[in-house]
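Shown below: data.txt, with compact mmCIF, C-alpha atoms.
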# COMPACT_ATOMS: atom_id res chain seq x y z
CA MET A 58 -20.38 47.66 -35.00
CA GLU A 59 -23.23 49.20 -33.04
CA GLN A 60 -24.68 47.46 -30.03
CA ASN A 61 -28.41 47.08 -29.41
CA VAL A 62 -30.15 50.35 -28.73
CA PHE A 63 -32.16 49.00 -25.78
CA LEU A 64 -31.61 50.87 -22.52
CA ASN A 65 -30.88 47.61 -20.72
CA ILE A 66 -31.20 43.93 -21.34
CA ASN A 67 -34.60 43.77 -19.60
CA ASP A 68 -36.26 46.46 -21.73
CA LYS A 69 -39.01 45.31 -24.06
CA PRO A 70 -37.82 46.00 -27.61
CA ASN A 71 -39.99 47.72 -30.18
CA VAL A 72 -40.64 44.83 -32.59
CA VAL A 73 -41.86 45.49 -36.12
CA VAL A 74 -42.90 42.67 -38.47
CA VAL A 75 -42.47 43.06 -42.23
CA ILE A 76 -44.58 40.86 -44.52
CA PRO A 77 -43.84 41.04 -48.28
CA CYS A 78 -46.94 40.11 -50.26
CA TYR A 79 -47.16 38.65 -53.74
CA LYS A 80 -49.95 36.25 -54.66
CA VAL A 81 -50.80 35.49 -51.02
CA SER A 82 -54.41 36.71 -50.83
CA LEU A 83 -55.61 33.32 -49.57
CA GLN A 84 -53.14 33.13 -46.68
CA ILE A 85 -52.21 36.68 -45.62
CA MET A 86 -55.09 37.29 -43.19
CA GLU A 87 -54.39 34.09 -41.28
CA VAL A 88 -50.71 35.04 -41.00
CA ILE A 89 -51.56 38.49 -39.61
CA ASN A 90 -54.14 37.11 -37.18
CA ASN A 91 -51.59 34.69 -35.73
CA ILE A 92 -48.96 37.35 -34.95
CA GLY A 93 -48.70 37.72 -31.17
CA LYS A 94 -48.75 40.70 -28.84
CA GLU A 95 -44.95 40.74 -28.62
CA CYS A 96 -45.00 42.60 -31.95
CA ASP A 97 -45.78 46.32 -31.85
CA ARG A 98 -46.35 47.00 -35.54
CA ILE A 99 -46.99 44.97 -38.68
CA ILE A 100 -45.99 46.29 -42.10
CA VAL A 101 -47.65 44.61 -45.08
CA VAL A 102 -45.80 45.34 -48.33
CA ASP A 103 -47.94 44.79 -51.42
CA ASP A 104 -45.28 44.15 -54.06
CA ALA A 105 -47.53 44.97 -57.03
CA CYS A 106 -49.48 41.84 -56.16
CA PRO A 107 -51.88 40.84 -58.97
CA GLU A 108 -54.28 39.47 -56.33
CA LYS A 109 -54.43 42.88 -54.56
CA SER A 110 -53.30 41.40 -51.25
CA GLY A 111 -52.70 44.86 -49.77
CA ALA A 112 -56.21 46.05 -50.56
CA LEU A 113 -57.59 42.84 -49.06
CA VAL A 114 -55.75 43.50 -45.80
CA GLU A 115 -56.93 47.11 -45.65
CA ARG A 116 -60.49 45.98 -46.26
CA GLU A 117 -60.67 43.05 -43.85
CA CYS A 118 -58.03 43.58 -41.16
CA ILE A 119 -59.07 45.35 -37.94
CA ASP A 120 -55.68 45.02 -36.21
CA GLU A 121 -54.54 48.57 -35.41
CA ARG A 122 -50.90 47.50 -35.59
CA VAL A 123 -51.13 46.93 -39.34
CA THR A 124 -49.86 49.39 -41.94
CA VAL A 125 -50.09 48.58 -45.66
CA ILE A 126 -47.71 50.06 -48.21
CA TYR A 127 -47.70 49.54 -51.97
CA ASN A 128 -44.87 49.20 -54.47
CA GLU A 129 -45.72 50.74 -57.83
CA SER A 130 -43.90 47.91 -59.58
CA ASN A 131 -42.80 44.45 -58.53
CA LEU A 132 -39.43 44.84 -56.78
CA GLY A 133 -38.95 41.20 -55.85
CA VAL A 134 -38.83 39.75 -52.36
CA GLY A 135 -35.68 41.67 -51.44
CA GLY A 136 -36.98 44.98 -52.70
CA ALA A 137 -40.25 44.52 -50.83
CA VAL A 138 -38.47 43.66 -47.58
CA LEU A 139 -36.15 46.66 -47.89
CA GLU A 140 -39.15 48.96 -48.34
CA GLY A 141 -40.57 47.46 -45.16
CA TYR A 142 -37.23 47.95 -43.39
CA ARG A 143 -37.22 51.65 -44.29
CA LEU A 144 -40.67 52.19 -42.80
CA ALA A 145 -39.75 50.12 -39.73
CA LEU A 146 -36.91 52.55 -39.03
CA ASP A 147 -39.43 55.41 -39.23
CA PHE A 148 -41.40 53.54 -36.55
CA ASN A 149 -38.25 53.50 -34.35
CA ALA A 150 -38.00 49.72 -34.46
CA ASP A 151 -35.44 47.95 -32.28
CA ILE A 152 -35.92 44.58 -33.98
CA VAL A 153 -37.41 43.94 -37.42
CA VAL A 154 -38.82 40.49 -38.15
CA LYS A 155 -39.43 39.37 -41.72
CA ILE A 156 -42.01 36.67 -42.32
CA ASP A 157 -43.61 35.54 -45.57
CA GLY A 158 -47.30 35.98 -46.23
CA ASP A 159 -47.88 32.51 -47.69
CA GLY A 160 -48.50 30.78 -44.37
CA GLN A 161 -45.41 28.55 -44.54
CA MET A 162 -43.79 30.25 -41.52
CA GLU A 163 -45.35 29.98 -38.07
CA PRO A 164 -45.84 33.45 -36.50
CA SER A 165 -45.81 31.73 -33.09
CA LEU A 166 -42.04 31.33 -33.50
CA ILE A 167 -41.40 35.09 -33.55
CA PRO A 168 -40.45 35.22 -29.82
CA LYS A 169 -37.69 32.67 -30.50
CA PHE A 170 -36.30 34.88 -33.25
CA ILE A 171 -36.28 38.10 -31.25
CA GLU A 172 -35.02 36.69 -27.93
CA PRO A 173 -31.33 36.22 -28.92
CA ILE A 174 -31.26 39.79 -30.28
CA SER A 175 -33.01 41.33 -27.28
CA GLN A 176 -30.61 39.43 -24.99
CA ARG A 177 -27.63 40.70 -27.01
CA GLN A 178 -26.64 37.19 -28.02
CA ALA A 179 -27.12 37.86 -31.75
CA ASP A 180 -27.50 40.67 -34.24
CA TYR A 181 -29.43 38.62 -36.80
CA THR A 182 -31.42 35.43 -36.48
CA LYS A 183 -32.67 33.20 -39.27
CA GLY A 184 -34.65 30.02 -39.56
CA ASN A 185 -33.12 26.60 -40.15
CA ARG A 186 -35.49 23.97 -41.54
CA PHE A 187 -32.76 21.29 -41.50
CA TYR A 188 -32.32 21.09 -37.73
CA TYR A 189 -35.05 18.58 -36.92
CA ILE A 190 -34.16 15.44 -38.85
CA PRO A 191 -37.68 13.85 -38.84
CA ASP A 192 -39.07 16.97 -40.51
CA LEU A 193 -36.85 16.53 -43.54
CA SER A 194 -39.10 13.75 -44.80
CA ASN A 195 -41.81 16.37 -45.33
CA MET A 196 -39.56 18.67 -47.34
CA PRO A 197 -39.91 18.52 -51.14
CA LEU A 198 -36.91 16.74 -52.66
CA ILE A 199 -36.00 19.65 -54.93
CA ARG A 200 -35.88 21.99 -51.93
CA LEU A 201 -33.81 19.51 -49.93
CA PHE A 202 -31.21 19.09 -52.66
CA GLY A 203 -31.12 22.73 -53.69
CA ASN A 204 -30.77 24.05 -50.15
CA ALA A 205 -28.03 21.56 -49.32
CA VAL A 206 -25.93 22.69 -52.29
CA LEU A 207 -26.64 26.38 -51.84
CA SER A 208 -25.96 26.19 -48.10
CA PHE A 209 -22.39 25.07 -48.68
CA ILE A 210 -21.79 27.66 -51.39
CA THR A 211 -23.22 30.40 -49.18
CA LYS A 212 -20.94 29.35 -46.32
CA LEU A 213 -18.03 30.12 -48.64
CA SER A 214 -19.39 33.44 -49.82
CA SER A 215 -20.68 34.74 -46.48
CA GLY A 216 -18.05 33.40 -44.09
CA TYR A 217 -20.74 32.09 -41.71
CA TRP A 218 -19.63 28.48 -41.51
CA ASN A 219 -21.86 27.65 -38.52
CA ILE A 220 -25.20 28.31 -40.23
CA PHE A 221 -27.35 26.33 -42.62
CA ASP A 222 -30.39 26.89 -44.84
CA PRO A 223 -29.20 30.33 -46.07
CA THR A 224 -32.21 30.90 -48.32
CA ASN A 225 -34.60 30.73 -45.37
CA GLY A 226 -36.67 33.91 -45.36
CA TYR A 227 -37.75 33.80 -41.71
CA THR A 228 -35.40 36.35 -40.16
CA ALA A 229 -35.02 39.01 -37.49
CA ILE A 230 -32.47 41.81 -37.47
CA GLN A 231 -31.26 44.40 -35.01
CA ALA A 232 -32.70 47.56 -36.57
CA SER A 233 -29.61 49.67 -35.91
CA LEU A 234 -27.73 47.52 -38.44
CA ILE A 235 -30.06 48.26 -41.35
CA PRO A 236 -28.60 51.67 -42.36
CA HIS A 237 -25.10 50.13 -42.43
CA LEU A 238 -26.07 47.36 -44.87
CA SER A 239 -25.99 49.68 -47.90
CA PRO A 240 -29.62 48.76 -48.72
CA GLU A 241 -29.26 50.15 -52.23
CA LYS A 242 -26.65 47.46 -52.93
CA VAL A 243 -28.53 44.49 -51.47
CA SER A 244 -29.92 42.10 -54.06
CA ASN A 245 -33.66 42.56 -54.63
CA ASP A 246 -34.38 39.09 -56.01
CA TYR A 247 -34.36 35.59 -54.52
CA PHE A 248 -30.68 36.07 -53.66
CA PHE A 249 -31.71 38.60 -51.00
CA GLU A 250 -31.27 36.35 -47.94
CA SER A 251 -27.85 35.07 -49.07
CA ASP A 252 -26.68 38.57 -49.96
CA MET A 253 -27.77 39.79 -46.52
CA LEU A 254 -25.47 37.23 -44.91
CA PHE A 255 -22.53 38.46 -47.00
CA ARG A 256 -23.16 42.06 -45.97
CA LEU A 257 -23.69 41.15 -42.33
CA ASN A 258 -20.30 39.42 -42.35
CA LEU A 259 -18.68 42.64 -43.53
CA LEU A 260 -20.20 44.29 -40.44
CA GLN A 261 -18.95 41.40 -38.27
CA ALA A 262 -22.51 40.81 -37.10
CA LYS A 263 -23.30 37.70 -35.10
CA VAL A 264 -25.79 35.40 -36.86
CA VAL A 265 -27.68 32.63 -35.06
CA ASP A 266 -29.82 29.85 -36.55
CA ILE A 267 -33.28 29.24 -35.09
CA PRO A 268 -34.60 25.67 -35.56
CA MET A 269 -38.01 25.63 -37.19
CA THR A 270 -40.42 23.49 -39.14
CA ALA A 271 -41.75 24.83 -42.42
CA LYS A 272 -45.12 24.06 -43.93
CA TYR A 273 -45.40 23.42 -47.66
CA SER A 274 -48.64 24.09 -49.47
CA ASN A 275 -49.74 22.85 -52.86
CA GLU A 276 -49.46 26.35 -54.31
CA SER A 277 -47.10 26.65 -57.25
CA SER A 278 -43.99 28.68 -56.60
CA SER A 279 -42.82 31.56 -58.76
CA LEU A 280 -39.26 30.38 -58.11
CA LYS A 281 -37.82 28.79 -61.27
CA VAL A 282 -35.16 26.43 -59.92
CA ARG A 283 -33.28 25.85 -63.19
CA LYS A 284 -33.01 29.59 -63.73
CA VAL A 285 -32.25 30.58 -60.15
CA ILE A 286 -29.55 28.05 -59.19
CA PRO A 287 -26.98 29.24 -61.80
CA LEU A 288 -27.69 32.82 -60.69
CA PHE A 289 -27.19 31.86 -57.04
CA ILE A 290 -23.88 30.16 -57.84
CA TYR A 291 -22.63 33.15 -59.86
CA LYS A 292 -23.59 35.70 -57.21
CA ASN A 293 -22.16 33.59 -54.39
CA ILE A 294 -18.82 33.29 -56.21
CA LYS A 295 -18.86 37.06 -56.73
CA ASN A 296 -19.53 37.67 -53.03
CA PHE A 297 -16.84 35.15 -52.04
CA VAL A 298 -14.21 37.03 -54.03
CA LYS A 299 -15.34 40.36 -52.57
CA ARG A 300 -15.36 38.99 -49.01
CA ILE A 301 -11.87 37.59 -49.29
CA PHE A 302 -10.56 40.84 -50.77
CA TYR A 303 -12.27 43.05 -48.19
CA ASN A 304 -11.43 40.98 -45.11
CA TYR A 305 -7.95 39.71 -45.96
CA PHE A 306 -6.41 42.41 -48.12
CA LEU A 307 -8.29 45.71 -47.84
CA ARG A 308 -9.15 45.79 -44.12
CA ASP A 309 -6.29 43.63 -42.90
CA PHE A 310 -3.25 41.76 -44.10
CA SER A 311 -2.38 38.84 -41.85
CA ALA A 312 -0.64 35.48 -41.94
CA ALA A 313 -3.80 34.07 -43.51
CA SER A 314 -3.43 36.53 -46.38
CA THR A 315 0.08 35.26 -47.14
CA GLU A 316 -1.12 31.66 -46.85
CA LEU A 317 -3.78 32.35 -49.45
CA ILE A 318 -1.40 34.07 -51.88
CA ALA A 319 1.42 31.55 -51.50
CA GLY A 320 -0.93 28.58 -51.46
CA PHE A 321 -2.75 29.62 -54.61
CA ALA A 322 0.49 30.48 -56.44
CA LEU A 323 2.25 27.21 -55.53
CA ALA A 324 -0.79 25.03 -56.25
CA ALA A 325 -1.35 26.75 -59.60
CA PHE A 326 2.31 26.41 -60.56
CA GLY A 327 2.43 22.75 -59.56
CA PHE A 328 -0.74 21.92 -61.47
CA ILE A 329 0.15 23.83 -64.64
CA PHE A 330 3.77 22.65 -64.70
CA GLY A 331 2.77 19.06 -63.93
CA ALA A 332 0.02 19.00 -66.55
CA GLY A 333 2.35 20.46 -69.16
CA GLU A 334 5.17 18.01 -68.43
CA TRP A 335 2.75 15.09 -68.36
CA TYR A 336 1.42 16.04 -71.80
CA LEU A 337 4.90 16.47 -73.28
CA HIS A 338 6.21 13.19 -71.88
CA VAL A 339 3.12 11.22 -72.93
CA LYS A 340 3.39 12.68 -76.41
CA ALA A 341 7.08 11.74 -76.57
CA GLY A 342 6.45 8.30 -75.06
CA GLU A 343 8.91 8.96 -72.24
CA LEU A 344 8.83 8.66 -68.46
CA ALA A 345 9.34 11.88 -66.52
CA SER A 346 12.42 12.04 -64.33
CA THR A 347 12.14 12.01 -60.54
CA GLY A 348 13.26 15.62 -60.43
CA THR A 349 10.55 16.72 -62.86
CA VAL A 350 7.90 14.89 -60.83
CA MET A 351 9.10 16.52 -57.61
CA VAL A 352 9.08 19.99 -59.16
CA ALA A 353 5.40 19.46 -59.96
CA VAL A 354 4.28 17.57 -56.86
CA LEU A 355 6.10 19.48 -54.11
CA PRO A 356 4.61 22.94 -54.89
CA LEU A 357 1.21 21.31 -55.37
CA VAL A 358 1.30 19.60 -51.97
CA ILE A 359 2.66 22.65 -50.14
CA GLY A 360 0.16 24.88 -51.92
CA PHE A 361 -2.78 22.74 -50.86
CA GLN A 362 -1.47 22.65 -47.29
CA LEU A 363 -1.32 26.44 -47.21
CA LEU A 364 -4.82 26.72 -48.67
CA ILE A 365 -6.11 24.31 -46.03
CA ALA A 366 -4.41 26.43 -43.35
CA PHE A 367 -6.13 29.52 -44.77
CA LEU A 368 -9.49 27.73 -44.80
CA ASN A 369 -8.97 26.70 -41.17
CA PHE A 370 -8.28 30.34 -40.28
CA ASP A 371 -11.44 31.43 -42.10
CA LEU A 372 -13.49 28.76 -40.34
CA THR A 373 -12.40 29.96 -36.91

Starting from the file, lay out its structure as structure tokens.
Amino acid sequence: MEQNVFLNINDKPNVVVVIPCYKVSLQIMEVINNIGKECDRIIVVDDACPEKSGALVERECIDERVTVIYNESNLGVGGAVLEGYRLALDFNADIVVKIDGDGQMEPSLIPKFIEPISQRQADYTKGNRFYYIPDLSNMPLIRLFGNAVLSFITKLSSGYWNIFDPTNGYTAIQASLIPHLSPEKVSNDYFFESDMLFRLNLLQAKVVDIPMTAKYSNESSSLKVRKVIPLFIYKNIKNFVKRIFYNYFLRDFSAASTELIAGFALAAFGFIFGAGEWYLHVKAGELASTGTVMVAVLPLVIGFQLLIAFLNFDLT
């Protein structure tokens, strides 16, 4: 994959901030005003906002760094961010930071997000609201539970086992990676952040968590948890299958590939054979012979051992 485009590690990167806007007219100006001098440009993306957030910014903002663009229709958070990414590339960005316009993400943390990338220690940084334990008491219970479940599922689908809080939208990316992400394939909805991790893994990009504290307002969210969680699970399973196929069969075929094939085959055989024999013997009122039990148990045990070996390989 490409390295950073900075001339040397001490160069100041060209930092562009992308702010997707949808129903954030009450908070957007405060967010913009709190963005520090380390950022060279600010792109406000009005995602067909019914509150006309973009027009508000153009009317009231005097910061010369700010550019407002408008989506003709609502593209979702992912679609809005990708539009901002495209313009950031036109501005010759080195690092692109994405921050929400609802005031729940502190702009003062931006230097912490760009430093690992500018120092070539990461290609992508993202926030982690679970790092500081005392702060978890302030997190809404539904967010706490949902993020815990989705974090584990996203670890499976993305291959980034060392990160947490995958739905966190506070991110920074090395701009040279953006064209290689196949932006037209990236999910436009609330799955955007998780899908980005999957695609970054395919590029073998280094991802680093940045500890942060989020603020939660009393504003109602447009995120419908009951509707979104099944969609997240489905899309994560889909990405998991694609990641395994791409990394272990299409791009490479290693010992881990054989462990996965043999482990799955043996475990499946042991389970199906054992379940079938158990049913037949229970129905007949008979005890299964030692040999029959071993034929079921041995492949099952060996299969699980091979799958654990594969998982260990994937973890490392």

_Test item: residues at most 7 Å from stretch 175-187 of chain A, only C-alpha atoms, excluding those fewer than 4 positions along its chain, as a ChimeraX atom specification_ = /A:61,66,70,170-171,193,221-222,225,227-231,262-271

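Of the residues listed (A:Ala205, A:Val138, A:Ile199, A:Val72), A:Val138 shows the shortest atom-to-atom separation from A:Asp157; distances use only C-alpha atoms.
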
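In this comparison, which uses all atoms listed in the file, the residue of A:Ser251, A:Val123, A:Val154, A:Pro107 approaching A:Lys169 most closely is A:Val154.
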
Produce the centre coordinates and the three edge lengths, each in Å to one decimal, of the box along x, y and z that contains all listed atoms of stretch 287-291 of chain A with 3 Å added on each side, as JSON.
{"center_x": -25.2, "center_y": 31.2, "center_z": -59.4, "size_x": 11.1, "size_y": 9.9, "size_z": 10.8}

*Go through A:Leu307, A:Ser314, A:Ser208, A:Thr349 one by one, measure the shortest atom-to-atom distance of each to A:Gly331 using only C-alpha atoms, and give the residue with the smallest value.*
A:Thr349

*Distance criterion (all atoms listed in the file): nearest to A:Asn91 out of A:Glu163, A:Asp68, A:Glu334, A:Asp104*: A:Glu163

*With a distance cut-off of 9 Å and all atoms listed in the file, select the neighbouring residues of A:Tyr217, excluding the residue or stretch itself and same-chain residues fewer than 2 positions from it, and output the selection as a list in words.*
Thr211, Lys212, Leu213, Ser214, Ser215, Asn219, Ile220, Phe221, Leu254, Phe255, Asn258, Val264 and Leu372 of chain A

*Pick the closest to A:Arg256 from A:Ile85, A:Val243, A:Leu132, A:Met351: which is it, counting all atoms listed in the file?*
A:Val243

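Shortest atom-to-atom contact with A:Ile156 among A:Ile76, A:Ala332, A:Val285, A:Ile301: A:Ile76, counting all atoms listed in the file.
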
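Atom CA of A:Leu234 to atom CA of A:Tyr188 spans 26.8 Å [interatomic distance, one decimal].
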
Since the input lacks atoms, please generate N, CA and C atoms for stretch 126-155 of chain A and provide them as an mmCIF file, in the frame of the given file.
data_model
loop_
_atom_site.group_PDB
_atom_site.id
_atom_site.type_symbol
_atom_site.label_atom_id
_atom_site.label_comp_id
_atom_site.auth_asym_id
_atom_site.auth_seq_id
_atom_site.Cartn_x
_atom_site.Cartn_y
_atom_site.Cartn_z
ATOM 1 N N ILE A 126 -48.357 49.202 -47.226
ATOM 2 C CA ILE A 126 -47.710 50.060 -48.210
ATOM 3 C C ILE A 126 -47.694 49.335 -49.551
ATOM 4 N N TYR A 127 -47.609 50.114 -50.626
ATOM 5 C CA TYR A 127 -47.700 49.540 -51.970
ATOM 6 C C TYR A 127 -46.479 49.918 -52.799
ATOM 7 N N ASN A 128 -45.916 48.934 -53.478
ATOM 8 C CA ASN A 128 -44.870 49.200 -54.470
ATOM 9 C C ASN A 128 -45.530 49.405 -55.824
ATOM 10 N N GLU A 129 -45.122 50.455 -56.529
ATOM 11 C CA GLU A 129 -45.720 50.740 -57.830
ATOM 12 C C GLU A 129 -45.431 49.650 -58.847
ATOM 13 N N SER A 130 -44.265 49.026 -58.706
ATOM 14 C CA SER A 130 -43.900 47.910 -59.580
ATOM 15 C C SER A 130 -43.353 46.787 -58.717
ATOM 16 N N ASN A 131 -43.298 45.597 -59.274
ATOM 17 C CA ASN A 131 -42.800 44.450 -58.530
ATOM 18 C C ASN A 131 -41.291 44.556 -58.344
ATOM 19 N N LEU A 132 -40.851 44.683 -57.092
ATOM 20 C CA LEU A 132 -39.430 44.840 -56.780
ATOM 21 C C LEU A 132 -38.758 43.526 -56.432
ATOM 22 N N GLY A 133 -39.523 42.463 -56.295
ATOM 23 C CA GLY A 133 -38.950 41.200 -55.850
ATOM 24 C C GLY A 133 -38.973 41.134 -54.337
ATOM 25 N N VAL A 134 -38.733 39.949 -53.809
ATOM 26 C CA VAL A 134 -38.830 39.750 -52.360
ATOM 27 C C VAL A 134 -37.868 40.663 -51.607
ATOM 28 N N GLY A 135 -36.648 40.813 -52.112
ATOM 29 C CA GLY A 135 -35.680 41.670 -51.440
ATOM 30 C C GLY A 135 -36.091 43.121 -51.449
ATOM 31 N N GLY A 136 -36.547 43.592 -52.597
ATOM 32 C CA GLY A 136 -36.980 44.980 -52.700
ATOM 33 C C GLY A 136 -38.155 45.274 -51.792
ATOM 34 N N ALA A 137 -39.090 44.332 -51.702
ATOM 35 C CA ALA A 137 -40.250 44.520 -50.830
ATOM 36 C C ALA A 137 -39.839 44.569 -49.366
ATOM 37 N N VAL A 138 -38.933 43.681 -48.972
ATOM 38 C CA VAL A 138 -38.470 43.660 -47.580
ATOM 39 C C VAL A 138 -37.737 44.951 -47.239
ATOM 40 N N LEU A 139 -36.900 45.426 -48.146
ATOM 41 C CA LEU A 139 -36.150 46.660 -47.890
ATOM 42 C C LEU A 139 -37.078 47.856 -47.739
ATOM 43 N N GLU A 140 -38.165 47.885 -48.515
ATOM 44 C CA GLU A 140 -39.150 48.960 -48.340
ATOM 45 C C GLU A 140 -39.768 48.867 -46.947
ATOM 46 N N GLY A 141 -40.040 47.649 -46.506
ATOM 47 C CA GLY A 141 -40.570 47.460 -45.160
ATOM 48 C C GLY A 141 -39.567 47.871 -44.096
ATOM 49 N N TYR A 142 -38.285 47.546 -44.320
ATOM 50 C CA TYR A 142 -37.230 47.950 -43.390
ATOM 51 C C TYR A 142 -37.188 49.469 -43.223
ATOM 52 N N ARG A 143 -37.293 50.178 -44.345
ATOM 53 C CA ARG A 143 -37.220 51.650 -44.290
ATOM 54 C C ARG A 143 -38.346 52.219 -43.428
ATOM 55 N N LEU A 144 -39.546 51.702 -43.601
ATOM 56 C CA LEU A 144 -40.670 52.190 -42.800
ATOM 57 C C LEU A 144 -40.514 51.770 -41.339
ATOM 58 N N ALA A 145 -39.970 50.585 -41.102
ATOM 59 C CA ALA A 145 -39.750 50.120 -39.730
ATOM 60 C C ALA A 145 -38.823 51.065 -38.980
ATOM 61 N N LEU A 146 -37.810 51.586 -39.660
ATOM 62 C CA LEU A 146 -36.910 52.550 -39.030
ATOM 63 C C LEU A 146 -37.667 53.830 -38.683
ATOM 64 N N ASP A 147 -38.605 54.232 -39.527
ATOM 65 C CA ASP A 147 -39.430 55.410 -39.230
ATOM 66 C C ASP A 147 -40.295 55.166 -37.993
ATOM 67 N N PHE A 148 -40.622 53.906 -37.732
ATOM 68 C CA PHE A 148 -41.400 53.540 -36.550
ATOM 69 C C PHE A 148 -40.511 53.319 -35.324
ATOM 70 N N ASN A 149 -39.214 53.650 -35.456
ATOM 71 C CA ASN A 149 -38.250 53.500 -34.350
ATOM 72 C C ASN A 149 -38.149 52.053 -33.868
ATOM 73 N N ALA A 150 -38.106 51.135 -34.806
ATOM 74 C CA ALA A 150 -38.000 49.720 -34.460
ATOM 75 C C ALA A 150 -36.656 49.409 -33.811
ATOM 76 N N ASP A 151 -36.671 48.499 -32.850
ATOM 77 C CA ASP A 151 -35.440 47.950 -32.280
ATOM 78 C C ASP A 151 -35.075 46.647 -32.982
ATOM 79 N N ILE A 152 -36.097 45.854 -33.274
ATOM 80 C CA ILE A 152 -35.920 44.580 -33.980
ATOM 81 C C ILE A 152 -36.949 44.517 -35.102
ATOM 82 N N VAL A 153 -36.497 44.084 -36.282
ATOM 83 C CA VAL A 153 -37.410 43.940 -37.420
ATOM 84 C C VAL A 153 -37.443 42.468 -37.822
ATOM 85 N N VAL A 154 -38.615 41.890 -37.772
ATOM 86 C CA VAL A 154 -38.820 40.490 -38.150
ATOM 87 C C VAL A 154 -39.400 40.454 -39.556
ATOM 88 N N LYS A 155 -38.870 39.561 -40.383
ATOM 89 C CA LYS A 155 -39.430 39.370 -41.720
ATOM 90 C C LYS A 155 -40.044 37.980 -41.792
#
